[in-house]
Amino acid sequence: MPVNRFTSFKCPRAARFVQNRDNLSFLARLLFLAVAVLPLSAYATDQKLVRISTQKKDDKTEFFVENLQSADVTVTVEMELKNFKSDQAIPYTATISPKSKVNVFNLTPDNPQHDSTWSYTYYATWGNLTAHHDDSYVYTLPFAAGMTFPVSQGFHGKYSHTGGDCYSIDFKMPEGTPVHAARDGIVVGIKDDSDTGGGDKKYEWDANYILIKHSDGTFGHYVHLKKGGCQVHLGETVSVGQWIGLSGNTGFSTGPHLHFAVFKAQSGKQRETLPIKYHTTPVLAEVLSEGHSYRAF
């Protein structure tokens, strides 16, 4: 059965500050823990989602988050503080707009005469906290009209569709099958350069994908695509039914298929996939069932 498992990316660091009465010394202890969760996720890119930076101004330490992507990214920052206070509630969670850099919070020492230390862990995932799905919208099956494919793993699939990924759908289809947009939107994420895949978690980061932002702020995620099969570009507006790419078998996958999900951010730690309905006849909308085949109209 195809595997669609989202995992976390970890990249250690930490800066520890020791402040005394007469001068300020910095003990750098490179133990910085940064966790980027790509729709839970690793149908991911090898690029970072965000960059965290700090700046000192007198006794204040300013924290900045820079969104490196063309899509909204939600970040959660957790901190361990000794003799420091923050001007925002910690843990801190916020959505950062595409290609922007924001001063998210500031730290100041409670007592400048005492040693002060801080360390942080951040989590980042695609999506917007304030997105509100239009539940009246009925999605088109993400392949060409007249084609029929089976659902190899449906909602709450026991193999991998659990947690934040529970409302995902896997369509079993031959490699190179044209993939079509299930809803109008704007292309905000692409990976198209991988030809690697297999039934081992070491391949999780190798899945090609297309990420499309919808008018209600949710994202459509088309995953495990064929290398070089992408037919759209970043920033392009696509229409429902438009050919956008070719299915494949890249990433953590045991066989050729298309993984599709619609999601929003729940926090920086996790996305929230949504229980959507599809047109299964010209007039009928329904939730897809594992083991059943469906024809696109």
# chains A, B, ... in the order shown; residues from 1 in each chain; ligands from 1
>>> closest_atom_pairs(of="stretch 113-186 of chain A", to="stretch 65-69 of chain A", cutoff="12 Å", atoms="only C-alpha atoms", output="tab-separated table")
residue	atom	partner	partner_atom	distance
A:Tyr122	CA	A:Val65	CA	10.0
A:Tyr123	CA	A:Val65	CA	11.4
A:Ala124	CA	A:Asn67	CA	9.7
A:Thr125	CA	A:Asn67	CA	10.7
A:Trp126	CA	A:Gln69	CA	9.0
A:Gly127	CA	A:Gln69	CA	11.1
>>> write_last_selection(atoms="N, CA, C and O atoms", output="PDB file, in the first residue's frame")
ATOM      1  N   TYR A 122      12.019  25.968  17.459  1.00  0.00           N
ATOM      2  CA  TYR A 122      10.915  26.442  16.620  1.00  0.00           C
ATOM      3  C   TYR A 122      10.411  25.333  15.715  1.00  0.00           C
ATOM      4  O   TYR A 122      11.144  24.414  15.355  1.00  0.00           O
ATOM      5  N   TYR A 123       9.140  25.452  15.375  1.00  0.00           N
ATOM      6  CA  TYR A 123       8.464  24.524  14.475  1.00  0.00           C
ATOM      7  C   TYR A 123       7.781  25.355  13.387  1.00  0.00           C
ATOM      8  O   TYR A 123       7.205  26.404  13.685  1.00  0.00           O
ATOM      9  N   ALA A 124       7.848  24.886  12.159  1.00  0.00           N
ATOM     10  CA  ALA A 124       7.240  25.639  11.060  1.00  0.00           C
ATOM     11  C   ALA A 124       6.522  24.702  10.106  1.00  0.00           C
ATOM     12  O   ALA A 124       7.017  23.615   9.803  1.00  0.00           O
ATOM     13  N   THR A 125       5.361  25.123   9.647  1.00  0.00           N
ATOM     14  CA  THR A 125       4.613  24.343   8.674  1.00  0.00           C
ATOM     15  C   THR A 125       3.909  25.279   7.709  1.00  0.00           C
ATOM     16  O   THR A 125       3.573  26.409   8.063  1.00  0.00           O
ATOM     17  N   TRP A 126       3.694  24.819   6.478  1.00  0.00           N
ATOM     18  CA  TRP A 126       2.904  25.601   5.546  1.00  0.00           C
ATOM     19  C   TRP A 126       1.497  25.801   6.093  1.00  0.00           C
ATOM     20  O   TRP A 126       0.937  24.924   6.755  1.00  0.00           O
ATOM     21  N   GLY A 127       0.908  26.938   5.768  1.00  0.00           N
ATOM     22  CA  GLY A 127      -0.492  27.149   6.089  1.00  0.00           C
ATOM     23  C   GLY A 127      -0.734  28.369   6.954  1.00  0.00           C
ATOM     24  O   GLY A 127       0.181  28.936   7.554  1.00  0.00           O
TER      25      GLY A 127
END
>>> residues_around(residues="A:Ser239", least_positions_apart="4", cutoff="12 Å", atoms="only C-alpha atoms", output="list in words")
Thr140, Pro142, His180, Ala181, Ala182, Arg183, Asp184, Gly185, Ile186, Val187, Ile212, Lys213, His214, Ser215, Val232, Trp243 and Ile244 of chain A
>>> closest_atom_pairs(of="stretch 52-170 of chain A", to="stretch 249-261 of chain A", cutoff="9 Å", atoms="only C-alpha atoms", output="CSV")
residue,atom,partner,partner_atom,distance
A:Pro142,CA,A:Phe260,CA,8.1
A:Ser152,CA,A:His257,CA,8.5
A:Asp165,CA,A:Ala261,CA,8.0
A:Tyr167,CA,A:Ala261,CA,6.8
A:Ser168,CA,A:Ala261,CA,4.6
A:Ile169,CA,A:Phe260,CA,5.4
A:Asp170,CA,A:His259,CA,4.5
>>> write_last_selection(atoms="C-alpha atoms", output="PDB file, in the first residue's frame")
ATOM      1  CA  PRO A 142      -7.553  15.326  -9.499  1.00  0.00           C
ATOM      2  CA  SER A 152      -5.775   2.835  -2.156  1.00  0.00           C
ATOM      3  CA  ASP A 165      -2.749  13.790   7.878  1.00  0.00           C
ATOM      4  CA  TYR A 167      -8.093  13.421   5.839  1.00  0.00           C
ATOM      5  CA  SER A 168      -5.764  12.608   2.953  1.00  0.00           C
ATOM      6  CA  ILE A 169      -6.530  10.477  -0.097  1.00  0.00           C
ATOM      7  CA  ASP A 170      -4.230   8.191  -2.104  1.00  0.00           C
TER       8      ASP A 170
END
>>> residues_around(residues="A:His279", least_positions_apart="5", cutoff="10 Å", atoms="only C-alpha atoms", output="list in words")
Val138, Tyr139, Thr140, Leu141, Ala182, Leu284, Ala285, Glu286, Val287, Leu288, Tyr294, Arg295, Ala296 and Phe297 of chain A
>>> atom_distance(atom1="atom CA of A:Tyr209", atom2="atom CA of A:Asp134")
23.4 Å
>>> select_by_dssp(residues="stretch 73-151 of chain A", states="strand (DSSP E or B)", output="ChimeraX atom specification")
/A:73-82,84-86,92-96,101-109,117-126,138-139,143,148-151
>>> closest_residue(among="A:Thr130, A:Val151, A:Arg51, A:Leu107", to="A:Ala94", atoms="only C-alpha atoms")
A:Thr130
